[in-house]
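Working notes for the structure below.
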Amino acid sequence: MHIWAVANQKGGVGKTTTVVSLAGLLADAGNRVLMIDLDPHGSLTSYFRFDPDSIEHSAYDLFQVNGKIPNSLPGQLILETGHPNLSLLPSSTALATLERHAQAQGGMGLVMSKTLAILWDDYDYVLIDSPPVLGVLMINALAACQKLVIPVQTEFLAIKGLERMVRTLTMINRARKRPVPYIIVPTLFDRRTQASNKSLRSLKDAYDELVWHSVIPVDTKLRDASTAGVAPSALDANARGVKAYESLMSTLLNPAD
Ligand code: ADP
Ligand code: MG
């Protein structure tokens with residue numbers, strides 16, 4: 001099982017879009033793929049037409065068993081998306097209550113790692129969507145993953161938010177046996193605008209080889225796919241945005257390239 005997380009302490013940077021695009025492409029290639037929605041807003045859950053406000057079982061259930069996750073539980077929470085290889089462990093708005101109460105209880109940071117240990121043989125790839133808040137849910141995502149994608153919107157002040165995210169990661173990496181390798185992915189890039197070009201340049205100046213060599217362009221097809229409730233590659237496999245995510249997928253699969 002390969003576990004990738006997508007995180008940034010900023011909303012609206014393309015986290016959920018990155019999860020669903022990469023997950024769809026990996027599933028198209030025949031892999032068994034599980035997406036995990038750890039954002040209490042539940043955008044990824046809503047994307048596939050489940051309602052995080054009224055959903056009965058979700059990732060929240062995993063945090064309610066005092067660290068002892070029954071082997072049968074994770075499988076019971078997983079929903080199908082309509083794509084034969086693409087499954088979803090949904091979020092519910094109840095997850096928001098964890099951020100308020102969980103700090104007090106120790107050991108809450110490993111719930112996802114334990115869950116994925118149970119599901120280890122069932123999926124080839126797991127992609128975790130993370131909330132834009134440094135709290136118990138993001139810590140779970142960062143503790144469980146083997147690779148981290150940090151989408152950064154190419155706009156004014158993007159670097160400020162990134163600095164916080166990288167500080168968080170440095171802190172988490174100190175607590176982990178093996179540090180998480182990460183890649184910064186410029187998103188929502190509009191090559192006609194000065195803001196996009198300037199912020200891409202300053203990203204590269206500040207973070208150098210940690211920045212992916214290409215960009216995810218603005219592509220309305222990615223938004224259309226969310227309206228249609230299907231992974232972007234299922235809507236239009238040739239869309240510019242899909243092609244860009246395909247190239248990101250190969251970078252993640254072959255880091256040496
Ligand atoms: P986050 O999960 O970081 O909050 P989202 O992935 O939900 O961000 O993206 C925020 C909004 O921008 C959504 O409406 C999404 O459809 C849109 N979006 C994301 N990436 C792109 C892109 N490359 N081109 C066009 N729209 C995008
Ligand atoms: Mg999101």
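Identifiers in the structure tokens: chain A, B, ... in order shown; residue index from 1 per chain; ligand index from 1 in order shown.
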
>> To check your reading of the model: which residues sit at most 7 Å from ligand 1 when counting only C-alpha atoms and all ligand atoms? Write the answer as an MDAnalysis selection string.
In response: chainID A and resid 10:18 43 187:188 216:220 222:223 226 241

Given the selection you just returned, output its residues as a file containing N, CA and C atoms, formatted as a compact mmCIF listing (two decimals), in the first residue's frame.
```txt
# COMPACT_ATOMS: atom_id res chain seq x y z
N LYS A 10 -3.97 26.13 4.18
CA LYS A 10 -4.71 27.19 3.53
C LYS A 10 -5.81 26.52 2.73
N GLY A 11 -6.98 27.13 2.70
CA GLY A 11 -8.10 26.57 1.94
C GLY A 11 -8.08 27.10 0.52
N GLY A 12 -8.79 26.43 -0.37
CA GLY A 12 -8.96 26.92 -1.73
C GLY A 12 -7.71 26.87 -2.59
N VAL A 13 -6.76 26.01 -2.25
CA VAL A 13 -5.52 25.94 -3.02
C VAL A 13 -5.49 24.75 -3.98
N GLY A 14 -6.55 23.93 -3.94
CA GLY A 14 -6.61 22.79 -4.85
C GLY A 14 -6.31 21.45 -4.19
N LYS A 15 -6.40 21.37 -2.89
CA LYS A 15 -6.13 20.09 -2.20
C LYS A 15 -7.10 19.00 -2.67
N THR A 16 -8.39 19.29 -2.53
CA THR A 16 -9.40 18.27 -2.87
C THR A 16 -9.33 17.90 -4.35
N THR A 17 -9.14 18.91 -5.19
CA THR A 17 -9.02 18.67 -6.63
C THR A 17 -7.81 17.77 -6.93
N THR A 18 -6.72 17.99 -6.21
CA THR A 18 -5.52 17.17 -6.39
C THR A 18 -5.79 15.73 -5.98
N SER A 43 -15.66 18.38 1.53
CA SER A 43 -15.78 18.69 0.10
C SER A 43 -15.61 17.45 -0.77
N THR A 187 -0.40 25.44 -8.12
CA THR A 187 -1.74 25.16 -8.67
C THR A 187 -2.41 26.44 -9.15
N LEU A 188 -3.52 26.25 -9.85
CA LEU A 188 -4.34 27.36 -10.34
C LEU A 188 -3.48 28.38 -11.08
N ILE A 216 0.07 23.04 -12.26
CA ILE A 216 -1.31 22.68 -12.58
C ILE A 216 -1.99 23.96 -13.06
N PRO A 217 -2.41 24.01 -14.32
CA PRO A 217 -3.00 25.24 -14.83
C PRO A 217 -4.45 25.41 -14.35
N VAL A 218 -4.95 26.61 -14.44
CA VAL A 218 -6.38 26.83 -14.26
C VAL A 218 -7.07 26.10 -15.41
N ASP A 219 -8.02 25.27 -15.09
CA ASP A 219 -8.76 24.55 -16.13
C ASP A 219 -10.19 24.34 -15.63
N THR A 220 -11.13 24.98 -16.31
CA THR A 220 -12.53 24.91 -15.86
C THR A 220 -13.07 23.49 -15.91
N LEU A 222 -11.78 21.00 -14.59
CA LEU A 222 -11.63 20.42 -13.26
C LEU A 222 -12.83 20.79 -12.40
N ARG A 223 -13.31 22.00 -12.57
CA ARG A 223 -14.50 22.45 -11.84
C ARG A 223 -15.74 21.73 -12.39
N SER A 226 -16.26 18.35 -10.87
CA SER A 226 -16.83 18.32 -9.52
C SER A 226 -18.34 18.50 -9.61
N GLY A 241 -5.91 20.22 -17.53
CA GLY A 241 -5.74 19.98 -16.10
C GLY A 241 -5.47 18.51 -15.81
```

>> as a list in words, please: the residues near Leu210 in chain A (cut-off 12 Å, only C-alpha atoms, same-chain neighbours under 5 positions excluded).
In response: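 So the residues in contact are Leu148, Val149, Ile150, Pro151, Leu162, Val166, Pro181, Tyr182, Ile183, Ile184, Val185, Pro186, Leu203, Lys204, Asp205 and Pro255 of chain A.
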
Keeping only N, CA and C atoms, write those residues as a CSV table (one decimal), in the first residue's frame.
```csv
chain,number,residue,atom,x,y,z
A,148,LEU,N,4.1,13.4,0.8
A,148,LEU,CA,3.1,14.5,1.0
A,148,LEU,C,3.2,15.4,-0.2
A,149,VAL,N,2.0,15.8,-0.7
A,149,VAL,CA,1.9,16.8,-1.7
A,149,VAL,C,1.3,18.1,-1.1
A,150,ILE,N,2.0,19.2,-1.3
A,150,ILE,CA,1.5,20.5,-0.8
A,150,ILE,C,1.2,21.4,-2.0
A,151,PRO,N,-0.1,21.5,-2.3
A,151,PRO,CA,-0.5,22.4,-3.4
A,151,PRO,C,-0.4,23.8,-2.9
A,162,LEU,N,2.7,28.9,3.0
A,162,LEU,CA,3.5,27.8,2.8
A,162,LEU,C,4.6,27.7,3.9
A,166,VAL,N,5.4,24.3,6.1
A,166,VAL,CA,6.7,23.7,6.1
A,166,VAL,C,7.2,23.6,7.6
A,181,PRO,N,8.9,12.7,2.8
A,181,PRO,CA,9.3,13.5,1.7
A,181,PRO,C,8.1,14.3,1.1
A,182,TYR,N,8.4,15.5,0.7
A,182,TYR,CA,7.2,16.3,0.2
A,182,TYR,C,7.6,17.1,-1.1
A,183,ILE,N,6.5,17.4,-1.8
A,183,ILE,CA,6.7,18.1,-3.0
A,183,ILE,C,5.7,19.3,-3.1
A,184,ILE,N,6.2,20.4,-3.4
A,184,ILE,CA,5.3,21.6,-3.5
A,184,ILE,C,4.8,21.7,-4.9
A,185,VAL,N,3.5,21.8,-5.1
A,185,VAL,CA,2.9,21.8,-6.4
A,185,VAL,C,2.2,23.1,-6.7
A,186,PRO,N,2.7,23.9,-7.6
A,186,PRO,CA,2.0,25.2,-7.9
A,186,PRO,C,0.7,24.9,-8.6
A,203,LEU,N,8.3,31.3,-5.5
A,203,LEU,CA,8.3,29.9,-4.9
A,203,LEU,C,9.6,29.2,-5.2
A,204,LYS,N,10.0,29.3,-6.5
A,204,LYS,CA,11.2,28.6,-6.9
A,204,LYS,C,12.4,29.2,-6.2
A,205,ASP,N,12.4,30.5,-6.1
A,205,ASP,CA,13.6,31.1,-5.4
A,205,ASP,C,13.7,30.6,-4.0
A,255,PRO,N,10.1,9.4,-8.6
A,255,PRO,CA,10.7,10.6,-8.0
A,255,PRO,C,12.1,11.0,-8.7
```

>> as an MDAnalysis selection string, please: every residue in range 67-218 of chain A that a backbone DSSP assignment puts in helix (DSSP H, G or I).
In response: chainID A and resid 73:77 95:104 108:118 136:144 158:175 194:210

Dump of C-alpha atoms for the selected residues, as a PDB file, in the first residue's frame:
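Dumped everything to result_26.pdb:
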```pdb
ATOM      1  CA  LEU A  73     -14.679  -1.230  11.302  1.00  0.00           C
ATOM      2  CA  PRO A  74     -12.698   0.514   8.523  1.00  0.00           C
ATOM      3  CA  GLY A  75     -14.225  -1.659   5.785  1.00  0.00           C
ATOM      4  CA  GLN A  76     -17.724  -0.893   7.027  1.00  0.00           C
ATOM      5  CA  LEU A  77     -17.179   2.839   6.542  1.00  0.00           C
ATOM      6  CA  LEU A  95     -15.155  15.498  12.643  1.00  0.00           C
ATOM      7  CA  ALA A  96     -15.020  19.198  13.511  1.00  0.00           C
ATOM      8  CA  THR A  97     -15.744  18.384  17.162  1.00  0.00           C
ATOM      9  CA  LEU A  98     -12.510  16.377  17.311  1.00  0.00           C
ATOM     10  CA  GLU A  99     -10.416  19.467  16.680  1.00  0.00           C
ATOM     11  CA  ARG A 100     -11.987  21.023  19.761  1.00  0.00           C
ATOM     12  CA  HIS A 101     -11.680  18.083  22.148  1.00  0.00           C
ATOM     13  CA  ALA A 102      -8.925  15.799  20.910  1.00  0.00           C
ATOM     14  CA  GLN A 103      -5.833  17.743  21.997  1.00  0.00           C
ATOM     15  CA  ALA A 104      -6.498  16.689  25.571  1.00  0.00           C
ATOM     16  CA  MET A 108      -5.154  10.389  18.874  1.00  0.00           C
ATOM     17  CA  GLY A 109      -2.556  11.110  16.210  1.00  0.00           C
ATOM     18  CA  LEU A 110      -2.197   7.504  15.101  1.00  0.00           C
ATOM     19  CA  VAL A 111      -5.816   6.630  14.319  1.00  0.00           C
ATOM     20  CA  MET A 112      -5.218   6.831  10.553  1.00  0.00           C
ATOM     21  CA  SER A 113      -2.001   4.815  10.709  1.00  0.00           C
ATOM     22  CA  LYS A 114      -3.827   2.075  12.610  1.00  0.00           C
ATOM     23  CA  THR A 115      -6.766   2.166  10.212  1.00  0.00           C
ATOM     24  CA  LEU A 116      -4.500   1.787   7.198  1.00  0.00           C
ATOM     25  CA  ALA A 117      -2.618  -1.070   8.840  1.00  0.00           C
ATOM     26  CA  ILE A 118      -5.960  -2.921   8.890  1.00  0.00           C
ATOM     27  CA  VAL A 136      -5.491  16.307  15.224  1.00  0.00           C
ATOM     28  CA  LEU A 137      -6.820  15.487  11.724  1.00  0.00           C
ATOM     29  CA  MET A 138      -3.892  16.976   9.828  1.00  0.00           C
ATOM     30  CA  ILE A 139      -1.513  15.308  12.274  1.00  0.00           C
ATOM     31  CA  ASN A 140      -3.188  11.980  11.514  1.00  0.00           C
ATOM     32  CA  ALA A 141      -2.722  12.521   7.786  1.00  0.00           C
ATOM     33  CA  LEU A 142       0.926  13.534   8.153  1.00  0.00           C
ATOM     34  CA  ALA A 143       1.718  10.699  10.544  1.00  0.00           C
ATOM     35  CA  ALA A 144       0.169   8.062   8.265  1.00  0.00           C
ATOM     36  CA  ALA A 158       1.111  32.219  -1.381  1.00  0.00           C
ATOM     37  CA  ILE A 159       4.535  31.793   0.181  1.00  0.00           C
ATOM     38  CA  LYS A 160       3.446  33.101   3.574  1.00  0.00           C
ATOM     39  CA  GLY A 161       0.980  30.233   4.044  1.00  0.00           C
ATOM     40  CA  LEU A 162       3.549  27.766   2.769  1.00  0.00           C
ATOM     41  CA  GLU A 163       6.075  28.821   5.401  1.00  0.00           C
ATOM     42  CA  ARG A 164       3.613  27.779   8.114  1.00  0.00           C
ATOM     43  CA  MET A 165       2.976  24.445   6.445  1.00  0.00           C
ATOM     44  CA  VAL A 166       6.683  23.681   6.126  1.00  0.00           C
ATOM     45  CA  ARG A 167       7.226  24.600   9.804  1.00  0.00           C
ATOM     46  CA  THR A 168       4.438  22.195  10.770  1.00  0.00           C
ATOM     47  CA  LEU A 169       6.001  19.474   8.692  1.00  0.00           C
ATOM     48  CA  THR A 170       9.428  20.008  10.241  1.00  0.00           C
ATOM     49  CA  MET A 171       7.803  19.551  13.639  1.00  0.00           C
ATOM     50  CA  ILE A 172       6.004  16.351  12.579  1.00  0.00           C
ATOM     51  CA  ASN A 173       9.119  14.976  10.918  1.00  0.00           C
ATOM     52  CA  ARG A 174      11.020  15.315  14.185  1.00  0.00           C
ATOM     53  CA  ALA A 175       8.472  12.979  15.813  1.00  0.00           C
ATOM     54  CA  GLN A 194       1.615  38.595 -13.569  1.00  0.00           C
ATOM     55  CA  ALA A 195       0.504  37.308 -10.176  1.00  0.00           C
ATOM     56  CA  SER A 196       0.878  33.686 -11.279  1.00  0.00           C
ATOM     57  CA  ASN A 197       4.248  34.194 -12.935  1.00  0.00           C
ATOM     58  CA  LYS A 198       5.656  36.277 -10.115  1.00  0.00           C
ATOM     59  CA  SER A 199       4.560  33.933  -7.363  1.00  0.00           C
ATOM     60  CA  LEU A 200       5.890  30.914  -9.266  1.00  0.00           C
ATOM     61  CA  ARG A 201       9.251  32.626  -9.514  1.00  0.00           C
ATOM     62  CA  SER A 202       9.353  33.475  -5.824  1.00  0.00           C
ATOM     63  CA  LEU A 203       8.262  29.923  -4.930  1.00  0.00           C
ATOM     64  CA  LYS A 204      11.197  28.552  -6.875  1.00  0.00           C
ATOM     65  CA  ASP A 205      13.577  31.117  -5.414  1.00  0.00           C
ATOM     66  CA  ALA A 206      12.557  30.178  -1.879  1.00  0.00           C
ATOM     67  CA  TYR A 207      12.060  26.425  -2.166  1.00  0.00           C
ATOM     68  CA  ASP A 208      14.154  25.482  -5.154  1.00  0.00           C
ATOM     69  CA  GLU A 209      14.123  21.749  -5.949  1.00  0.00           C
ATOM     70  CA  LEU A 210      11.241  21.119  -3.529  1.00  0.00           C
TER      71      LEU A 210
END
```

> What does the distance from CA of Val6 in chain A to CA of Glu56 in chain A come to in Å, to one decimal?
Replying inline: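 We find that CA of Val6 in chain A and CA of Glu56 in chain A lie 25.1 Å from each other.
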
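Shortest atom-to-atom contact with ligand 2 among A:Ser54, A:Ser72, A:Ser130, A:Asn31: A:Ser130, counting only C-alpha atoms and all ligand atoms.
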